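Contents: one structure, followed by commentary.
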Amino acid sequence: MWDAIVRALSRARFILSRGRLSDEASEELREHLELLTDRYIAAGMSAGDARSAARRQLGNVSLVHEDIYQMNSIHWLDVLMLDARYAFRVFAKNPGFAAVIALTLALGIGANTAMLSVAYSVLFKPLPYAAPDEIYSAEVVIPERRAQIPSLPATVQTYLQWRKSPTVFSAMAALTPWEASITGDGDPERLGGAYVSANFFSFLGVPLERGRAFTSDEEQPGKDQVVVISDALWRQRYGADPAVVGRSIVINGTNHLVVGVAPPSLLAPTRTQLHALLPFAPRIDVWKPIAPTPRTLNSESWDYGVFVRLPAATALDQGRQQLAAILTEMARVQVPGLKSNIAINLIPIREVYAGKTRLGLLLILAASALLLLTACVSIANVFLARVVSRGNEFATRIALGAGRGRIVSQALTESVLLAIFGGTIGAVVAKWATTAIALYGPSDVRVLADTTINMPLLLFSIAVSGATGILCGIVPAWHAHRRQPATGLKEAGRTVSSGEAGRIRSILVGVEIALATVLLASAGLLLHSFVRVMNSDRGYDVERVLTADLSLFGTRYERGEARATFYTTLLDNVRSQPGVLAAGAISNLPALSASEGASRAIFYATDTDFQRLILARPVAMIRGVTEGYFAASGNVLRAGRLLKAEEPVPTALISESLARRFWPDKPLTAVVGQQLRQNADIRGPLLTIAGVVADAYPGGLDRQPPPTIYRPYTQWASGPMTIVVRTAQEPAALASALRAEVWKLDPNLPIAAVRTMREIVSLTVAERRFQMMLTLLFAAVALLLGGLGVYGVVSYSIAHRTRDIGLRMALGALKADVMRWVFAAGMRPVFIGLAIGLVSAIAIASTLRRVLFEVTPADPISLGVVVLVLLATSALACYLPARRAAAMDPIVALRHE
Amino acid sequence: MTKGTASKTDVLQGTLDLMILQTLDTLGPLHGYGIARRIEQISDAVLKLNEGTVYASLMRLQHRRWISASWGLSDNNRKAKFYAITRTGRRQLTTETENWDRIAGVIARLRSAERS
């Protein structure tokens, strides 16, 4: 064994210099001959005799040469090089063929690898935590509320009680959104933050990059003025200065000690990934310990996300029951005799990050698999065409004595070379595509997606498509040998009787068209859904509206009146700007926050037993609004009046859906003037309904509009507000003026985001757009491949029926007749493929209703367009060769060999 | 090529290889012509050698790394390739000659037994 390896290695050493070695051997042999000859001459022979004697003594020189050459070569490698050189010559003579195959492979491999890599990193790659499979997110389910609120996060009291009690869980951690405005050292900035339990980082098993995590006594009020900052904030705001750790920074007007810097790879829930009711910022930059004050502990707020660690997966049910039992007991202390089957959902943490994207990703994955399949069929088609037309070449080579092995190995070499080209370009395409997705994909995908290609997945895609090419290359070569060479030569001389191959190719084209139809139909349905989503009435205007998020903090704004004065002054100033038609503010912009912000159970004015009725009454979102908000946002009034600058008595506007739900038998006009009560304000005065406004949908239209109560800002003041400005012209142009107005009033105020409503809506449909664009791209490639397939088959059949066509033309057939024949033959597989594709597409789309929007799986508009596009493409693919055929001179055609 | 002749040339090849190794071991670096002359001289012209095969043998020995080759100048100032035995070649020579002696001994004993 060892010996064999050594010998192989030494061969490799000699193989590179074998040309030189061979020349040197010749020289040595010539020299040797000279010396022998000289010797014989010296011994007294004539020159001629001496030379022949020397020759005799030297023996058969060419045999020696051959020996040496063989010693210095590896036979199969020589054959391979020969085949490769031949293959390159074939490609160079027929660059179109090589390019089509390589590009088809590249697109199939590239798209598929990219999608598989992304899907893998989002759906399967272990999350960057210690033992990530043990981590679950706990949610509370109140069956009576399920229809309206499927689940709730926990309260801080619940979390503390859970943590205290003995359970099957080895650890628990909590987190809740926090808005942090940072001032001093540069521009004021509003950052996403989170309150977390002191053990948060150790719970996840993520060591800090610098400094330390929180200690448990920092969960005490007063000792909690400490923060951990994100790596991004540390680099951007503090220039990666290590001295920041241990320094004090001003957040929301108070000093906080920076104790640590989180690692850049820290993965934490953003936006509403953890729960619809827990709106985190798109990026979390500051972390602060949860330190519940007595006041917090006395109120009830369901806005704490709870992570639990369950070492034994089998104890899942037991754990759920333990948590539910603790919570029920707590609820009974407040409401004795409460009868509710409170349940707990434990959501694996992977679902938190990937749950919402799974369906979309699988959809795109399926589309890319279809594309790869189309690519394979298309390759089979092109190869088949080539091999049939190479029948002559094979027959000639066989007649000249080539063995089956040589024919097959030649075909194999060509296929493998093409697979390597395709794979290489495919890897580049995959790299671009994954990078593009990781940079520009929807945020949920972006957070988890890797920019590196997954090598095993790349190899898998190459193997699948490469195998097709190889199979398609070899099988005909193998068959070629079974035929009598004489038959092959004779046939090739005339028109090849390739009926069988033609039939197979027609079937392949049919399959290509069917696959392209499925992809096009999916893309069409998604595109139509997207158009519908974008053009749907959301209850507010999308165009020419500018928004800016503001958060007031610090002692200056401690009193509600101060905040109210600020907003009133600001809005008045903004309204006086040229180009501003209306301006107002709202506590939570409906486009972004279907279920964020405060929500309260509401009661009829006649209700008294609130504790008993609380689960029977609906829950409404409470929004604080300023005068002018509805005019600025374009939210339409349905009945009654809008809010005035001064509202002396407790007043509310309600959304249309709440009006219909709460007073189902009253017309909207009759709802105006009705009274209701909101929870947590039970002993307060009743609210009088001043008007009913249209429902405001979330930007992505992915959820129903929540029942909403709008309260005058003066009566329901919250810190953060979104300014909404209606403009006469392009809204983005007013952004800097808006900033200037804010800073004129308070230069320390950070403005989180100045965005147009169009940008916000576009953000909320990012995932839908992503799916649509990718499917559309795949469909376009599939259409191109299908068109090429049709073109190939038609040109091929014309080329082999040239004499036939010439004969018919000579006998009086018109150009139109020729065109008709060509079209009839070319379009038949298209029609069949189209029919099969449409039926499959409708069947597939029926299972995907969830990603469609106001579009049925058999949507006539989308499918009609798909049919038109496909027929037009195929017709073009038929027309080009048909025109050539019709333009032929019958005489030339008849002589065609 | 049939199997019989293959094994015969193998034996012959092996013998020639051994003679060349022995020659290089005794005389130091030599070119192909010199090796042929030495074998001719030692064998007293008993062994009629196709001298070309020496070069095939030299290539084979290089493959095995038993000898190394380098260009130099011959006695009459002509450029020639000189071959020298390597350390592994010397080791190989020892084992091969031991083998050879053993086989020669066996054959000698067989022959004497036949004679008696």
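Here, A, B, ... name the chains of the structure tokens in the order displayed, residue numbers run from 1 inside each chain, and ligands are numbered from 1 in the same displayed order.
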
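If you count only C-alpha atoms and ignore residues fewer than 4 places along the chain from Ser70 of chain B, what sits within 12 Å of it is Leu21 and Glu24 of chain A; Pro29, Leu30, His31, Gly32, Gln62, Ser74, Lys79, Ala80, Lys81, Phe82, Tyr83, Ala84 and Ile85 of chain B.
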
Give me, as a PDB file with N, CA, C and O atoms, in the first residue's frame, the residues of chain A touching chain B, with the criterion being at most 9 Å (counting only C-alpha atoms).
ATOM      1  N   VAL A   6       3.885   5.757  -2.682  1.00  0.00           N
ATOM      2  CA  VAL A   6       5.179   6.360  -3.004  1.00  0.00           C
ATOM      3  C   VAL A   6       5.386   6.361  -4.506  1.00  0.00           C
ATOM      4  O   VAL A   6       5.789   7.359  -5.100  1.00  0.00           O
ATOM      5  N   ARG A   7       5.021   5.230  -5.135  1.00  0.00           N
ATOM      6  CA  ARG A   7       5.237   5.129  -6.567  1.00  0.00           C
ATOM      7  C   ARG A   7       4.348   6.139  -7.312  1.00  0.00           C
ATOM      8  O   ARG A   7       4.796   6.799  -8.236  1.00  0.00           O
ATOM      9  N   SER A  10       5.839   9.524  -6.950  1.00  0.00           N
ATOM     10  CA  SER A  10       7.049   9.745  -7.744  1.00  0.00           C
ATOM     11  C   SER A  10       6.684   9.867  -9.208  1.00  0.00           C
ATOM     12  O   SER A  10       7.267  10.636  -9.956  1.00  0.00           O
ATOM     13  N   ARG A  11       5.635   9.120  -9.604  1.00  0.00           N
ATOM     14  CA  ARG A  11       5.158   9.271 -10.968  1.00  0.00           C
ATOM     15  C   ARG A  11       4.707  10.718 -11.198  1.00  0.00           C
ATOM     16  O   ARG A  11       5.029  11.342 -12.192  1.00  0.00           O
ATOM     17  N   ARG A  13       5.736  13.194  -9.783  1.00  0.00           N
ATOM     18  CA  ARG A  13       6.922  14.042  -9.820  1.00  0.00           C
ATOM     19  C   ARG A  13       7.530  14.039 -11.228  1.00  0.00           C
ATOM     20  O   ARG A  13       7.971  15.057 -11.733  1.00  0.00           O
ATOM     21  N   PHE A  14       7.527  12.861 -11.841  1.00  0.00           N
ATOM     22  CA  PHE A  14       8.171  12.746 -13.141  1.00  0.00           C
ATOM     23  C   PHE A  14       7.295  13.217 -14.288  1.00  0.00           C
ATOM     24  O   PHE A  14       7.774  13.640 -15.321  1.00  0.00           O
ATOM     25  N   GLU A  24      16.141  14.348 -22.867  1.00  0.00           N
ATOM     26  CA  GLU A  24      17.467  14.045 -22.292  1.00  0.00           C
ATOM     27  C   GLU A  24      17.873  12.610 -22.584  1.00  0.00           C
ATOM     28  O   GLU A  24      19.030  12.321 -22.904  1.00  0.00           O
ATOM     29  N   ALA A  25      16.882  11.703 -22.478  1.00  0.00           N
ATOM     30  CA  ALA A  25      17.177  10.302 -22.764  1.00  0.00           C
ATOM     31  C   ALA A  25      17.632  10.146 -24.213  1.00  0.00           C
ATOM     32  O   ALA A  25      18.591   9.420 -24.507  1.00  0.00           O
ATOM     33  N   GLU A  28      21.155  11.255 -24.442  1.00  0.00           N
ATOM     34  CA  GLU A  28      22.077  10.286 -23.845  1.00  0.00           C
ATOM     35  C   GLU A  28      22.293   9.111 -24.783  1.00  0.00           C
ATOM     36  O   GLU A  28      23.427   8.636 -24.962  1.00  0.00           O
ATOM     37  N   LEU A  29      21.173   8.665 -25.393  1.00  0.00           N
ATOM     38  CA  LEU A  29      21.286   7.518 -26.287  1.00  0.00           C
ATOM     39  C   LEU A  29      22.117   7.876 -27.518  1.00  0.00           C
ATOM     40  O   LEU A  29      22.938   7.073 -27.988  1.00  0.00           O
ATOM     41  N   GLU A  31      24.464  10.147 -27.721  1.00  0.00           N
ATOM     42  CA  GLU A  31      25.825  10.262 -27.229  1.00  0.00           C
ATOM     43  C   GLU A  31      26.467   8.879 -27.087  1.00  0.00           C
ATOM     44  O   GLU A  31      27.606   8.635 -27.490  1.00  0.00           O
ATOM     45  N   HIS A  32      25.655   7.990 -26.494  1.00  0.00           N
ATOM     46  CA  HIS A  32      26.099   6.620 -26.286  1.00  0.00           C
ATOM     47  C   HIS A  32      26.499   5.982 -27.628  1.00  0.00           C
ATOM     48  O   HIS A  32      27.550   5.367 -27.758  1.00  0.00           O
ATOM     49  N   LEU A  35      29.743   7.366 -28.952  1.00  0.00           N
ATOM     50  CA  LEU A  35      30.915   6.837 -28.238  1.00  0.00           C
ATOM     51  C   LEU A  35      31.223   5.416 -28.674  1.00  0.00           C
ATOM     52  O   LEU A  35      32.385   5.046 -28.880  1.00  0.00           O
ATOM     53  N   LEU A  36      30.123   4.615 -28.819  1.00  0.00           N
ATOM     54  CA  LEU A  36      30.354   3.225 -29.252  1.00  0.00           C
ATOM     55  C   LEU A  36      30.969   3.199 -30.649  1.00  0.00           C
ATOM     56  O   LEU A  36      31.909   2.450 -30.916  1.00  0.00           O
ATOM     57  N   ARG A  56      23.677  -2.158 -33.136  1.00  0.00           N
ATOM     58  CA  ARG A  56      23.328  -3.496 -32.637  1.00  0.00           C
ATOM     59  C   ARG A  56      23.524  -3.570 -31.141  1.00  0.00           C
ATOM     60  O   ARG A  56      22.710  -4.093 -30.409  1.00  0.00           O
ATOM     61  N   GLN A  57      24.630  -3.016 -30.709  1.00  0.00           N
ATOM     62  CA  GLN A  57      24.949  -3.107 -29.288  1.00  0.00           C
ATOM     63  C   GLN A  57      23.977  -2.300 -28.431  1.00  0.00           C
ATOM     64  O   GLN A  57      23.664  -2.672 -27.309  1.00  0.00           O
ATOM     65  N   LEU A  58      23.481  -1.184 -29.029  1.00  0.00           N
ATOM     66  CA  LEU A  58      22.566  -0.341 -28.266  1.00  0.00           C
ATOM     67  C   LEU A  58      21.166  -0.956 -28.205  1.00  0.00           C
ATOM     68  O   LEU A  58      20.427  -0.755 -27.257  1.00  0.00           O
ATOM     69  N   GLY A  59      20.819  -1.748 -29.209  1.00  0.00           N
ATOM     70  CA  GLY A  59      19.501  -2.400 -29.206  1.00  0.00           C
ATOM     71  C   GLY A  59      18.410  -1.479 -29.716  1.00  0.00           C
ATOM     72  O   GLY A  59      18.681  -0.438 -30.306  1.00  0.00           O
ATOM     73  N   ASN A  60      17.141  -1.871 -29.446  1.00  0.00           N
ATOM     74  CA  ASN A  60      15.992  -1.137 -29.967  1.00  0.00           C
ATOM     75  C   ASN A  60      15.746   0.143 -29.165  1.00  0.00           C
ATOM     76  O   ASN A  60      15.180   0.114 -28.073  1.00  0.00           O
ATOM     77  N   VAL A  61      16.205   1.262 -29.755  1.00  0.00           N
ATOM     78  CA  VAL A  61      16.144   2.532 -29.022  1.00  0.00           C
ATOM     79  C   VAL A  61      14.700   3.008 -28.812  1.00  0.00           C
ATOM     80  O   VAL A  61      14.341   3.503 -27.753  1.00  0.00           O
ATOM     81  N   LEU A  63      12.080   1.288 -28.409  1.00  0.00           N
ATOM     82  CA  LEU A  63      11.472   0.517 -27.322  1.00  0.00           C
ATOM     83  C   LEU A  63      11.847   1.123 -25.977  1.00  0.00           C
ATOM     84  O   LEU A  63      11.020   1.266 -25.069  1.00  0.00           O
ATOM     85  N   VAL A  64      13.127   1.493 -25.856  1.00  0.00           N
ATOM     86  CA  VAL A  64      13.596   2.112 -24.616  1.00  0.00           C
ATOM     87  C   VAL A  64      12.846   3.413 -24.360  1.00  0.00           C
ATOM     88  O   VAL A  64      12.372   3.684 -23.262  1.00  0.00           O
ATOM     89  N   HIS A  65      12.705   4.195 -25.468  1.00  0.00           N
ATOM     90  CA  HIS A  65      11.977   5.458 -25.363  1.00  0.00           C
ATOM     91  C   HIS A  65      10.579   5.247 -24.840  1.00  0.00           C
ATOM     92  O   HIS A  65      10.099   5.939 -23.938  1.00  0.00           O
ATOM     93  N   ASP A  67       9.413   2.750 -23.214  1.00  0.00           N
ATOM     94  CA  ASP A  67       9.488   2.307 -21.807  1.00  0.00           C
ATOM     95  C   ASP A  67       9.538   3.502 -20.875  1.00  0.00           C
ATOM     96  O   ASP A  67       8.786   3.594 -19.905  1.00  0.00           O
ATOM     97  N   ILE A  68      10.477   4.387 -21.209  1.00  0.00           N
ATOM     98  CA  ILE A  68      10.701   5.540 -20.334  1.00  0.00           C
ATOM     99  C   ILE A  68       9.466   6.426 -20.291  1.00  0.00           C
ATOM    100  O   ILE A  68       9.016   6.864 -19.236  1.00  0.00           O
ATOM    101  N   MET A  71       6.811   4.878 -18.264  1.00  0.00           N
ATOM    102  CA  MET A  71       7.185   4.940 -16.850  1.00  0.00           C
ATOM    103  C   MET A  71       6.812   6.300 -16.267  1.00  0.00           C
ATOM    104  O   MET A  71       6.418   6.414 -15.124  1.00  0.00           O
ATOM    105  N   ASN A  72       6.940   7.342 -17.125  1.00  0.00           N
ATOM    106  CA  ASN A  72       6.722   8.698 -16.642  1.00  0.00           C
ATOM    107  C   ASN A  72       5.299   9.208 -16.864  1.00  0.00           C
ATOM    108  O   ASN A  72       5.051  10.383 -16.760  1.00  0.00           O
TER     109      ASN A  72
END

Quiz item: Using only C-alpha atoms, which residues sit within 7 Å of Leu581 of chain A once same-chain residues fewer than 6 positions away are excluded, as a count of residues only?
Solution: 4

Exercise. Would you please extract all strand (DSSP E or B) residues from chain B, as assigned by DSSP on the backbone, and give them as number ranges by chain?
Key: B: 30, 67-73, 79-85

Self-check item: Residue neighbourhood Val447 of chain A, 8 Å, only C-alpha atoms, exclusion window fewer than 3 positions, as a PyMOL selection string
Solution: chain A and resi 438+443-444

Exercise. Would you mind telling me which residue in A:Val100, A:Val818, A:Ala268, A:Ile349 lies nearest to Gly789 of chain A when using only C-alpha atoms?
Key: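 With only C-alpha atoms as the atom set, the closest residue is A:Val100.
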
Quiz item: Got a sec: who's within 10 Å of segment 293-307 of chain A, counting only C-alpha atoms, leaving out chain neighbours fewer than 3 positions off, as an NGL selection string?
Solution: :A and (135-140 or 152-159 or 162 or 171-177 or 195-197 or 200 or 203-204 or 219-222 or 269 or 274-275 or 277-279 or 290 or 310 or 346-349 or 597-599 or 680)

Writing out the chosen residues with C-alpha atoms as a short mmCIF file (atom, residue, chain, number, x, y, z; two decimals), in the first residue's frame:
data_model
loop_
_atom_site.label_atom_id
_atom_site.label_comp_id
_atom_site.auth_asym_id
_atom_site.auth_seq_id
_atom_site.Cartn_x
_atom_site.Cartn_y
_atom_site.Cartn_z
CA ILE A 135 -35.08 27.57 25.74
CA TYR A 136 -38.79 28.34 25.41
CA SER A 137 -40.83 31.51 25.57
CA ALA A 138 -43.79 31.31 27.94
CA GLU A 139 -47.12 32.86 26.95
CA VAL A 140 -50.37 33.05 28.87
CA LEU A 152 -50.54 37.33 26.41
CA PRO A 153 -47.05 37.88 27.72
CA ALA A 154 -46.69 37.66 31.50
CA THR A 155 -46.89 40.32 34.20
CA VAL A 156 -43.80 41.07 36.23
CA GLN A 157 -45.54 39.66 39.29
CA THR A 158 -46.21 36.40 37.45
CA TYR A 159 -42.57 36.20 36.40
CA TRP A 162 -42.75 31.64 38.67
CA ALA A 171 -33.76 28.87 34.92
CA MET A 172 -35.99 31.76 33.88
CA ALA A 173 -35.32 35.19 32.45
CA ALA A 174 -37.59 38.11 31.60
CA LEU A 175 -37.44 41.03 29.21
CA THR A 176 -39.65 43.94 28.26
CA PRO A 177 -39.28 46.79 25.77
CA TYR A 195 -35.35 45.85 30.61
CA VAL A 196 -34.03 42.39 31.35
CA SER A 197 -33.71 40.22 34.41
CA PHE A 200 -30.47 37.52 31.12
CA PHE A 203 -29.45 32.56 30.99
CA LEU A 204 -28.80 32.64 27.26
CA GLU A 219 -32.75 44.20 40.45
CA GLN A 220 -33.40 46.47 43.50
CA PRO A 221 -34.95 49.85 42.71
CA GLY A 222 -32.27 52.49 43.20
CA PRO A 269 -35.90 39.48 19.95
CA LEU A 274 -41.26 37.64 20.81
CA HIS A 275 -44.90 38.63 21.07
CA LEU A 277 -47.83 42.80 22.48
CA LEU A 278 -44.10 43.31 23.10
CA PRO A 279 -42.89 45.85 20.54
CA ILE A 290 -35.74 44.93 35.68
CA LEU A 310 -36.26 23.20 30.24
CA LEU A 346 -44.28 27.18 25.66
CA ILE A 347 -42.89 28.31 22.32
CA PRO A 348 -39.47 26.94 21.29
CA ILE A 349 -37.15 29.91 20.90
CA GLY A 597 -49.37 50.13 23.32
CA ALA A 598 -51.96 50.21 26.04
CA SER A 599 -55.05 48.08 25.78
CA ALA A 680 -58.03 50.69 35.17
#

Quiz item: Which residues in segment 29-239 of chain A does DSSP call alpha helix (DSSP H)? List them as number ranges by chain.
Solution: A: 29-42, 47-58, 61-71, 75-93, 95-123, 156-164, 200-204, 231-238

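Minimum atom-to-atom distances from A:Ile425, A:Leu749, A:Ile344, A:Ile689 to Gly110 of chain A were compared using only C-alpha atoms, and the lowest value belongs to A:Ile425.
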
Self-check item: Test item: residues at most 7 Å from Leu93 of chain B, only C-alpha atoms, excluding those fewer than 5 positions along its chain, as a PyMOL selection string
Solution: chain B and resi 18+21-22

Same residues, N, CA and C atoms, saved as a compact mmCIF listing (two decimals), in the first residue's frame:
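Resulting contents of result_16.txt:
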# COMPACT_ATOMS: atom_id res chain seq x y z
N LEU B 18 20.12 -4.33 -10.37
CA LEU B 18 21.06 -4.67 -9.30
C LEU B 18 22.50 -4.41 -9.74
N LEU B 21 23.14 -0.68 -9.71
CA LEU B 21 23.31 -0.18 -8.34
C LEU B 21 24.69 -0.52 -7.81
N GLN B 22 25.08 -1.78 -8.07
CA GLN B 22 26.38 -2.26 -7.57
C GLN B 22 27.52 -1.45 -8.21

Quiz item: Hey, what's within 10 Å of Glu96 of chain B if we count only C-alpha atoms and toss same-chain stuff fewer than 3 positions away? As a list in words, please?
Solution: Gly14, Thr15, Leu18, Leu21, Arg90, Arg91, Gln92, Leu93, Asn99, Trp100, Asp101 and Arg102 of chain B

Practice problem: May I ask which of the residues A:Ala887, A:Ile836, A:Leu116, A:Ala521 is the closest one to Thr856 of chain A, counting only C-alpha atoms? | Solution: A:Ala521
